[in-house]
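Enquirer: Okay, so here is run-v1.cif, and as you'll see once you scroll down, it has mmCIF, N, CA and C atoms.
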```cif
data_target
#
loop_
_atom_site.label_atom_id
_atom_site.label_comp_id
_atom_site.auth_asym_id
_atom_site.auth_seq_id
_atom_site.Cartn_x
_atom_site.Cartn_y
_atom_site.Cartn_z
N MET A 24 7.64 -25.61 -36.58
CA MET A 24 6.87 -26.00 -35.41
C MET A 24 5.97 -27.17 -35.81
N SER A 25 5.99 -28.22 -35.02
CA SER A 25 5.20 -29.41 -35.34
C SER A 25 3.74 -29.19 -34.95
N ARG A 26 2.90 -30.09 -35.42
CA ARG A 26 1.47 -29.98 -35.10
C ARG A 26 1.20 -30.07 -33.60
N GLY A 27 1.97 -30.91 -32.94
CA GLY A 27 1.81 -31.04 -31.49
C GLY A 27 2.16 -29.75 -30.76
N ASP A 28 3.22 -29.08 -31.24
CA ASP A 28 3.59 -27.80 -30.64
C ASP A 28 2.53 -26.74 -30.89
N ILE A 29 2.01 -26.73 -32.10
CA ILE A 29 0.95 -25.76 -32.44
C ILE A 29 -0.27 -26.00 -31.57
N ARG A 30 -0.62 -27.26 -31.37
CA ARG A 30 -1.79 -27.58 -30.54
C ARG A 30 -1.58 -27.12 -29.10
N ARG A 31 -0.36 -27.34 -28.56
CA ARG A 31 -0.08 -26.91 -27.19
C ARG A 31 -0.14 -25.39 -27.07
N VAL A 32 0.38 -24.68 -28.06
CA VAL A 32 0.34 -23.22 -28.03
C VAL A 32 -1.11 -22.73 -28.09
N ARG A 33 -1.90 -23.33 -28.95
CA ARG A 33 -3.32 -22.94 -29.06
C ARG A 33 -4.07 -23.21 -27.76
N GLU A 34 -3.81 -24.36 -27.16
CA GLU A 34 -4.48 -24.69 -25.90
C GLU A 34 -4.07 -23.72 -24.80
N ALA A 35 -2.78 -23.37 -24.76
CA ALA A 35 -2.30 -22.41 -23.75
C ALA A 35 -2.94 -21.04 -23.97
N ASN A 36 -3.04 -20.62 -25.22
CA ASN A 36 -3.67 -19.33 -25.51
C ASN A 36 -5.16 -19.34 -25.17
N LEU A 37 -5.82 -20.47 -25.39
CA LEU A 37 -7.23 -20.59 -25.04
C LEU A 37 -7.42 -20.50 -23.52
N ARG A 38 -6.56 -21.19 -22.76
CA ARG A 38 -6.64 -21.11 -21.30
C ARG A 38 -6.37 -19.68 -20.82
N LEU A 39 -5.39 -19.03 -21.43
CA LEU A 39 -5.07 -17.65 -21.07
C LEU A 39 -6.25 -16.72 -21.37
N GLY A 40 -6.86 -16.90 -22.52
CA GLY A 40 -8.02 -16.07 -22.88
C GLY A 40 -9.18 -16.29 -21.94
N ALA A 41 -9.42 -17.53 -21.55
CA ALA A 41 -10.52 -17.82 -20.63
C ALA A 41 -10.27 -17.21 -19.26
N ALA A 42 -9.04 -17.30 -18.78
CA ALA A 42 -8.70 -16.72 -17.47
C ALA A 42 -8.82 -15.20 -17.52
N LEU A 43 -8.41 -14.60 -18.62
CA LEU A 43 -8.51 -13.15 -18.77
C LEU A 43 -9.97 -12.71 -18.83
N ALA A 44 -10.80 -13.47 -19.54
CA ALA A 44 -12.23 -13.15 -19.62
C ALA A 44 -12.89 -13.26 -18.25
N GLU A 45 -12.47 -14.22 -17.44
CA GLU A 45 -13.02 -14.35 -16.10
C GLU A 45 -12.68 -13.12 -15.26
N VAL A 46 -11.44 -12.65 -15.35
CA VAL A 46 -11.04 -11.45 -14.60
C VAL A 46 -11.83 -10.25 -15.08
N GLU A 47 -11.97 -10.10 -16.38
CA GLU A 47 -12.72 -8.97 -16.91
C GLU A 47 -14.17 -9.00 -16.46
N GLY A 48 -14.77 -10.18 -16.44
CA GLY A 48 -16.15 -10.32 -15.99
C GLY A 48 -16.32 -9.98 -14.51
N ARG A 49 -15.40 -10.47 -13.69
CA ARG A 49 -15.46 -10.16 -12.25
C ARG A 49 -15.28 -8.66 -12.01
N TYR A 50 -14.36 -8.04 -12.76
CA TYR A 50 -14.11 -6.61 -12.59
C TYR A 50 -15.34 -5.80 -13.03
N ALA A 51 -15.97 -6.20 -14.13
CA ALA A 51 -17.18 -5.51 -14.58
C ALA A 51 -18.30 -5.65 -13.55
N ALA A 52 -18.43 -6.83 -12.96
CA ALA A 52 -19.45 -7.02 -11.92
C ALA A 52 -19.14 -6.18 -10.69
N LEU A 53 -17.87 -6.06 -10.36
CA LEU A 53 -17.48 -5.25 -9.20
C LEU A 53 -17.82 -3.77 -9.43
N LEU A 54 -17.62 -3.30 -10.64
CA LEU A 54 -17.94 -1.90 -10.94
C LEU A 54 -19.43 -1.60 -10.80
N ARG A 55 -20.27 -2.63 -11.00
CA ARG A 55 -21.72 -2.43 -10.94
C ARG A 55 -22.35 -2.91 -9.63
N ALA A 56 -21.54 -3.38 -8.72
CA ALA A 56 -22.06 -3.92 -7.45
C ALA A 56 -22.66 -2.80 -6.61
N GLY A 57 -23.75 -3.13 -5.95
CA GLY A 57 -24.43 -2.13 -5.15
C GLY A 57 -24.03 -2.12 -3.69
N THR A 58 -24.28 -3.19 -2.99
CA THR A 58 -24.04 -3.23 -1.56
C THR A 58 -22.58 -3.49 -1.25
N SER A 59 -22.18 -3.04 -0.08
CA SER A 59 -20.77 -3.23 0.31
C SER A 59 -20.45 -4.71 0.55
N ALA A 60 -21.42 -5.48 1.01
CA ALA A 60 -21.18 -6.91 1.22
C ALA A 60 -20.93 -7.60 -0.11
N ARG A 61 -21.72 -7.25 -1.10
CA ARG A 61 -21.53 -7.84 -2.44
C ARG A 61 -20.20 -7.38 -3.04
N ARG A 62 -19.83 -6.13 -2.83
CA ARG A 62 -18.55 -5.62 -3.34
C ARG A 62 -17.39 -6.38 -2.70
N TRP A 63 -17.48 -6.62 -1.40
CA TRP A 63 -16.42 -7.34 -0.70
C TRP A 63 -16.28 -8.76 -1.25
N GLU A 64 -17.42 -9.41 -1.50
CA GLU A 64 -17.42 -10.76 -2.05
C GLU A 64 -16.82 -10.77 -3.47
N LEU A 65 -17.18 -9.79 -4.28
CA LEU A 65 -16.65 -9.70 -5.63
C LEU A 65 -15.16 -9.38 -5.65
N GLN A 66 -14.70 -8.60 -4.68
CA GLN A 66 -13.26 -8.31 -4.59
C GLN A 66 -12.48 -9.58 -4.31
N ALA A 67 -13.03 -10.42 -3.44
CA ALA A 67 -12.37 -11.68 -3.13
C ALA A 67 -12.35 -12.60 -4.36
N GLU A 68 -13.48 -12.66 -5.08
CA GLU A 68 -13.55 -13.47 -6.29
C GLU A 68 -12.59 -12.94 -7.35
N LEU A 69 -12.50 -11.63 -7.46
CA LEU A 69 -11.60 -11.01 -8.43
C LEU A 69 -10.14 -11.33 -8.10
N ALA A 70 -9.79 -11.31 -6.83
CA ALA A 70 -8.42 -11.65 -6.42
C ALA A 70 -8.10 -13.10 -6.77
N ARG A 71 -9.04 -14.01 -6.53
CA ARG A 71 -8.81 -15.42 -6.87
C ARG A 71 -8.68 -15.60 -8.39
N ALA A 72 -9.53 -14.91 -9.14
CA ALA A 72 -9.46 -15.01 -10.60
C ALA A 72 -8.15 -14.44 -11.12
N ALA A 73 -7.69 -13.34 -10.54
CA ALA A 73 -6.42 -12.74 -10.95
C ALA A 73 -5.26 -13.67 -10.62
N ALA A 74 -5.33 -14.35 -9.49
CA ALA A 74 -4.27 -15.30 -9.14
C ALA A 74 -4.23 -16.45 -10.13
N ARG A 75 -5.43 -16.93 -10.55
CA ARG A 75 -5.47 -17.99 -11.56
C ARG A 75 -4.90 -17.48 -12.89
N LEU A 76 -5.24 -16.24 -13.25
CA LEU A 76 -4.71 -15.66 -14.48
C LEU A 76 -3.19 -15.56 -14.43
N ALA A 77 -2.66 -15.12 -13.31
CA ALA A 77 -1.21 -15.01 -13.17
C ALA A 77 -0.55 -16.38 -13.30
N THR A 78 -1.17 -17.40 -12.73
CA THR A 78 -0.63 -18.76 -12.83
C THR A 78 -0.64 -19.24 -14.27
N VAL A 79 -1.76 -19.05 -14.95
CA VAL A 79 -1.87 -19.49 -16.35
C VAL A 79 -0.91 -18.70 -17.23
N ALA A 80 -0.82 -17.40 -17.00
CA ALA A 80 0.05 -16.56 -17.84
C ALA A 80 1.52 -16.92 -17.63
N SER A 81 1.91 -17.19 -16.40
CA SER A 81 3.32 -17.54 -16.17
C SER A 81 3.63 -18.94 -16.68
N ALA A 82 2.66 -19.84 -16.62
CA ALA A 82 2.89 -21.20 -17.10
C ALA A 82 2.97 -21.26 -18.62
N SER A 83 2.27 -20.36 -19.30
CA SER A 83 2.26 -20.41 -20.75
C SER A 83 3.28 -19.47 -21.38
N ALA A 84 4.05 -18.75 -20.56
CA ALA A 84 5.06 -17.84 -21.09
C ALA A 84 6.22 -18.63 -21.68
N PRO A 85 6.81 -18.13 -22.75
CA PRO A 85 7.96 -18.82 -23.32
C PRO A 85 9.14 -18.82 -22.36
N ALA A 86 9.90 -19.89 -22.36
CA ALA A 86 10.98 -20.04 -21.40
C ALA A 86 12.14 -19.09 -21.67
N LEU A 87 12.42 -18.81 -22.93
CA LEU A 87 13.58 -18.00 -23.26
C LEU A 87 13.17 -16.65 -23.86
N ALA A 88 12.33 -15.93 -23.19
CA ALA A 88 11.92 -14.62 -23.68
C ALA A 88 13.00 -13.60 -23.35
N LEU A 89 13.64 -13.10 -24.36
CA LEU A 89 14.71 -12.12 -24.16
C LEU A 89 14.26 -10.78 -24.73
N GLY A 90 14.51 -9.73 -23.99
CA GLY A 90 14.19 -8.39 -24.49
C GLY A 90 12.71 -8.11 -24.52
N VAL A 91 12.34 -7.24 -25.45
CA VAL A 91 10.95 -6.81 -25.59
C VAL A 91 10.19 -7.85 -26.41
N PRO A 92 9.01 -8.26 -25.94
CA PRO A 92 8.24 -9.23 -26.72
C PRO A 92 7.81 -8.60 -28.05
N ARG A 93 8.00 -9.31 -29.13
CA ARG A 93 7.76 -8.76 -30.46
C ARG A 93 6.41 -9.20 -31.05
N SER A 94 5.96 -10.40 -30.73
CA SER A 94 4.71 -10.86 -31.32
C SER A 94 3.52 -10.32 -30.55
N ARG A 95 2.40 -10.28 -31.20
CA ARG A 95 1.17 -9.80 -30.57
C ARG A 95 0.80 -10.66 -29.37
N ARG A 96 0.92 -11.97 -29.52
CA ARG A 96 0.58 -12.87 -28.42
C ARG A 96 1.51 -12.66 -27.23
N ALA A 97 2.79 -12.47 -27.50
CA ALA A 97 3.74 -12.26 -26.40
C ALA A 97 3.44 -10.95 -25.69
N ARG A 98 3.12 -9.91 -26.43
CA ARG A 98 2.76 -8.64 -25.79
C ARG A 98 1.49 -8.78 -24.97
N ARG A 99 0.49 -9.48 -25.49
CA ARG A 99 -0.76 -9.67 -24.74
C ARG A 99 -0.51 -10.49 -23.48
N ARG A 100 0.37 -11.49 -23.57
CA ARG A 100 0.69 -12.31 -22.40
C ARG A 100 1.35 -11.45 -21.32
N VAL A 101 2.28 -10.58 -21.72
CA VAL A 101 2.94 -9.69 -20.77
C VAL A 101 1.94 -8.74 -20.15
N LEU A 102 1.04 -8.19 -20.96
CA LEU A 102 0.01 -7.29 -20.42
C LEU A 102 -0.93 -8.02 -19.47
N ALA A 103 -1.27 -9.27 -19.79
CA ALA A 103 -2.13 -10.05 -18.89
C ALA A 103 -1.43 -10.30 -17.56
N GLN A 104 -0.13 -10.61 -17.60
CA GLN A 104 0.62 -10.82 -16.37
C GLN A 104 0.66 -9.53 -15.55
N ARG A 105 0.90 -8.41 -16.21
CA ARG A 105 0.97 -7.13 -15.51
C ARG A 105 -0.39 -6.76 -14.90
N GLY A 106 -1.46 -6.99 -15.65
CA GLY A 106 -2.80 -6.70 -15.13
C GLY A 106 -3.16 -7.59 -13.95
N ALA A 107 -2.81 -8.85 -14.04
CA ALA A 107 -3.09 -9.76 -12.93
C ALA A 107 -2.30 -9.37 -11.69
N ALA A 108 -1.07 -8.96 -11.88
CA ALA A 108 -0.26 -8.53 -10.73
C ALA A 108 -0.85 -7.28 -10.09
N TRP A 109 -1.37 -6.37 -10.91
CA TRP A 109 -1.99 -5.15 -10.37
C TRP A 109 -3.24 -5.50 -9.57
N ILE A 110 -4.08 -6.39 -10.11
CA ILE A 110 -5.32 -6.75 -9.42
C ILE A 110 -5.01 -7.46 -8.11
N ILE A 111 -4.03 -8.35 -8.11
CA ILE A 111 -3.66 -9.04 -6.88
C ILE A 111 -3.13 -8.05 -5.85
N ALA A 112 -2.31 -7.11 -6.31
CA ALA A 112 -1.78 -6.10 -5.38
C ALA A 112 -2.89 -5.22 -4.83
N ARG A 113 -3.87 -4.92 -5.64
CA ARG A 113 -4.94 -4.01 -5.23
C ARG A 113 -5.98 -4.70 -4.34
N TYR A 114 -6.42 -5.89 -4.74
CA TYR A 114 -7.54 -6.54 -4.06
C TYR A 114 -7.20 -7.83 -3.34
N GLY A 115 -6.05 -8.38 -3.54
CA GLY A 115 -5.78 -9.71 -3.00
C GLY A 115 -4.72 -9.73 -1.94
N ARG A 116 -4.39 -10.94 -1.56
CA ARG A 116 -3.32 -11.27 -0.62
C ARG A 116 -3.44 -10.60 0.74
N GLY A 117 -3.45 -9.30 0.83
CA GLY A 117 -3.49 -8.61 2.12
C GLY A 117 -4.88 -8.51 2.71
N ARG A 118 -5.89 -8.63 1.86
CA ARG A 118 -7.28 -8.49 2.33
C ARG A 118 -7.97 -9.84 2.29
N GLY A 119 -8.84 -10.10 3.24
CA GLY A 119 -9.69 -11.26 3.21
C GLY A 119 -8.97 -12.51 3.18
#
```
As a first step, turn the structure in this file into structure tokens.

Expert:
Amino acid sequence: MSRGDIRRVREANLRLGAALAEVEGRYAALLRAGTSARRWELQAELARAAARLATVASASAPALALGVPRSRRARRRVLAQRGAAWIIARYGRGRG
């Protein structure tokens, strides 16, 4: 793998980590929200953050992933995609 490839992989992983941290932060805030108006607002923000995470995760996924992901990063990427899909299904698209 060339230095340019390594740099692109690192940048993709950094973007993925940032998007995942945003989702985790929104979800933590939602768990602690008091009023229903604030909860509704946080649900909408969480859905948007999950959609961004899904976009970043699908864009950074390897093109020829066959079978079960074997590396730690590939497994984390798959888990991030699955988590983002769950959040979107739960809080997004159909509401607000």

Enquirer: Could you pull out all residues of chain A with a DSSP call of alpha helix (DSSP H) and give them as a PyMOL selection string?

Expert: chain A and resi 26-55+59-83+95-114

Enquirer: So which residues touch range 67-77 of chain A within 6 Å, counting all atoms listed in the file, skipping near sequence neighbours fewer than 6 positions away, as number ranges by chain?

Expert: A: 42-43, 45-46, 49-50, 104, 107, 110-111, 114-115

Enquirer: Rank nothing, just name the residue among A:Ala112, A:Ala44, A:Leu39, A:Leu54 nearest to Arg100 in chain A, using only N, CA and C atoms.

Expert: A:Leu39

Enquirer: State, in Å with one decimal place, the distance from atom N of Leu65 in chain A to CA of Leu53 in chain A.

Expert: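 So the two atoms, atom N of Leu65 in chain A and CA of Leu53 in chain A, lie 6.7 Å apart.
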
Enquirer: I'd like the interatomic distance between CA of Thr78 in chain A and atom N of Ser94 in chain A, to a tenth of an Å.

Expert: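 Computing it gives 20.8 Å between the two atoms.
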
Enquirer: Find the distance between atom N of Arg26 in chain A and atom N of Arg96 in chain A and write it in Å to one decimal.

Expert: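 Separating atom N of Arg26 in chain A from atom N of Arg96 in chain A is a distance of 19.2 Å.
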
Enquirer: All heavy atoms are needed for range 105-116 of chain A; please write them out as a CSV table (one decimal), keeping the file's coordinate frame.

Expert:
```
chain,number,residue,atom,x,y,z
A,105,ARG,N,0.9,-8.4,-16.2
A,105,ARG,CA,1.0,-7.1,-15.5
A,105,ARG,C,-0.4,-6.8,-14.9
A,105,ARG,O,-0.5,-6.3,-13.8
A,105,ARG,CB,1.4,-6.0,-16.5
A,105,ARG,CG,1.7,-4.7,-15.8
A,105,ARG,CD,2.2,-3.7,-16.8
A,105,ARG,NE,3.4,-4.2,-17.5
A,105,ARG,CZ,3.7,-3.8,-18.8
A,105,ARG,NH1,3.0,-2.9,-19.4
A,105,ARG,NH2,4.8,-4.3,-19.3
A,106,GLY,N,-1.5,-7.0,-15.6
A,106,GLY,CA,-2.8,-6.7,-15.1
A,106,GLY,C,-3.2,-7.6,-14.0
A,106,GLY,O,-3.7,-7.1,-13.0
A,107,ALA,N,-2.8,-8.8,-14.0
A,107,ALA,CA,-3.1,-9.8,-12.9
A,107,ALA,C,-2.3,-9.4,-11.7
A,107,ALA,O,-2.8,-9.4,-10.6
A,107,ALA,CB,-2.8,-11.2,-13.3
A,108,ALA,N,-1.1,-9.0,-11.9
A,108,ALA,CA,-0.3,-8.5,-10.7
A,108,ALA,C,-0.8,-7.3,-10.1
A,108,ALA,O,-0.9,-7.2,-8.9
A,108,ALA,CB,1.2,-8.3,-11.2
A,109,TRP,N,-1.4,-6.4,-10.9
A,109,TRP,CA,-2.0,-5.2,-10.4
A,109,TRP,C,-3.2,-5.5,-9.6
A,109,TRP,O,-3.4,-5.0,-8.5
A,109,TRP,CB,-2.3,-4.2,-11.5
A,109,TRP,CG,-3.0,-2.9,-11.0
A,109,TRP,CD1,-2.4,-1.8,-10.5
A,109,TRP,CD2,-4.4,-2.7,-10.9
A,109,TRP,NE1,-3.3,-0.9,-10.1
A,109,TRP,CE2,-4.6,-1.4,-10.4
A,109,TRP,CE3,-5.5,-3.4,-11.2
A,109,TRP,CZ2,-5.8,-0.9,-10.2
A,109,TRP,CZ3,-6.8,-2.9,-11.0
A,109,TRP,CH2,-6.9,-1.6,-10.5
A,110,ILE,N,-4.1,-6.4,-10.1
A,110,ILE,CA,-5.3,-6.8,-9.4
A,110,ILE,C,-5.0,-7.5,-8.1
A,110,ILE,O,-5.6,-7.2,-7.1
A,110,ILE,CB,-6.2,-7.6,-10.3
A,110,ILE,CG1,-6.7,-6.8,-11.5
A,110,ILE,CG2,-7.4,-8.2,-9.5
A,110,ILE,CD1,-7.4,-7.6,-12.6
A,111,ILE,N,-4.0,-8.4,-8.1
A,111,ILE,CA,-3.7,-9.0,-6.9
A,111,ILE,C,-3.1,-8.0,-5.8
A,111,ILE,O,-3.5,-8.1,-4.7
A,111,ILE,CB,-2.6,-10.1,-7.2
A,111,ILE,CG1,-3.3,-11.3,-7.9
A,111,ILE,CG2,-2.0,-10.7,-5.9
A,111,ILE,CD1,-2.3,-12.3,-8.5
A,112,ALA,N,-2.3,-7.1,-6.3
A,112,ALA,CA,-1.8,-6.1,-5.4
A,112,ALA,C,-2.9,-5.2,-4.8
A,112,ALA,O,-2.9,-4.8,-3.7
A,112,ALA,CB,-0.7,-5.2,-6.1
A,113,ARG,N,-3.9,-4.9,-5.6
A,113,ARG,CA,-4.9,-4.0,-5.2
A,113,ARG,C,-6.0,-4.7,-4.3
A,113,ARG,O,-6.4,-4.2,-3.3
A,113,ARG,CB,-5.6,-3.4,-6.5
A,113,ARG,CG,-6.8,-2.6,-6.3
A,113,ARG,CD,-6.5,-1.2,-6.0
A,113,ARG,NE,-7.6,-0.4,-5.6
A,113,ARG,CZ,-8.3,0.4,-6.4
A,113,ARG,NH1,-7.9,0.6,-7.6
A,113,ARG,NH2,-9.3,1.1,-5.9
A,114,TYR,N,-6.4,-5.9,-4.7
A,114,TYR,CA,-7.5,-6.5,-4.1
A,114,TYR,C,-7.2,-7.8,-3.3
A,114,TYR,O,-8.0,-8.4,-2.6
A,114,TYR,CB,-8.6,-6.9,-5.1
A,114,TYR,CG,-9.2,-5.7,-5.7
A,114,TYR,CD1,-9.0,-5.4,-7.1
A,114,TYR,CD2,-10.0,-4.8,-5.0
A,114,TYR,CE1,-9.5,-4.3,-7.7
A,114,TYR,CE2,-10.5,-3.6,-5.6
A,114,TYR,CZ,-10.3,-3.4,-6.9
A,114,TYR,OH,-10.8,-2.3,-7.5
A,115,GLY,N,-6.0,-8.4,-3.5
A,115,GLY,CA,-5.8,-9.7,-3.0
A,115,GLY,C,-4.7,-9.7,-1.9
A,115,GLY,O,-4.2,-8.7,-1.5
A,116,ARG,N,-4.4,-10.9,-1.6
A,116,ARG,CA,-3.3,-11.3,-0.6
A,116,ARG,C,-3.4,-10.6,0.7
A,116,ARG,O,-3.5,-11.3,1.7
A,116,ARG,CB,-1.9,-11.0,-1.2
A,116,ARG,CG,-1.7,-11.6,-2.6
A,116,ARG,CD,-1.4,-13.1,-2.4
A,116,ARG,NE,-0.8,-13.6,-3.6
A,116,ARG,CZ,-1.4,-14.6,-4.3
A,116,ARG,NH1,-2.5,-15.1,-3.9
A,116,ARG,NH2,-0.8,-15.0,-5.4
```
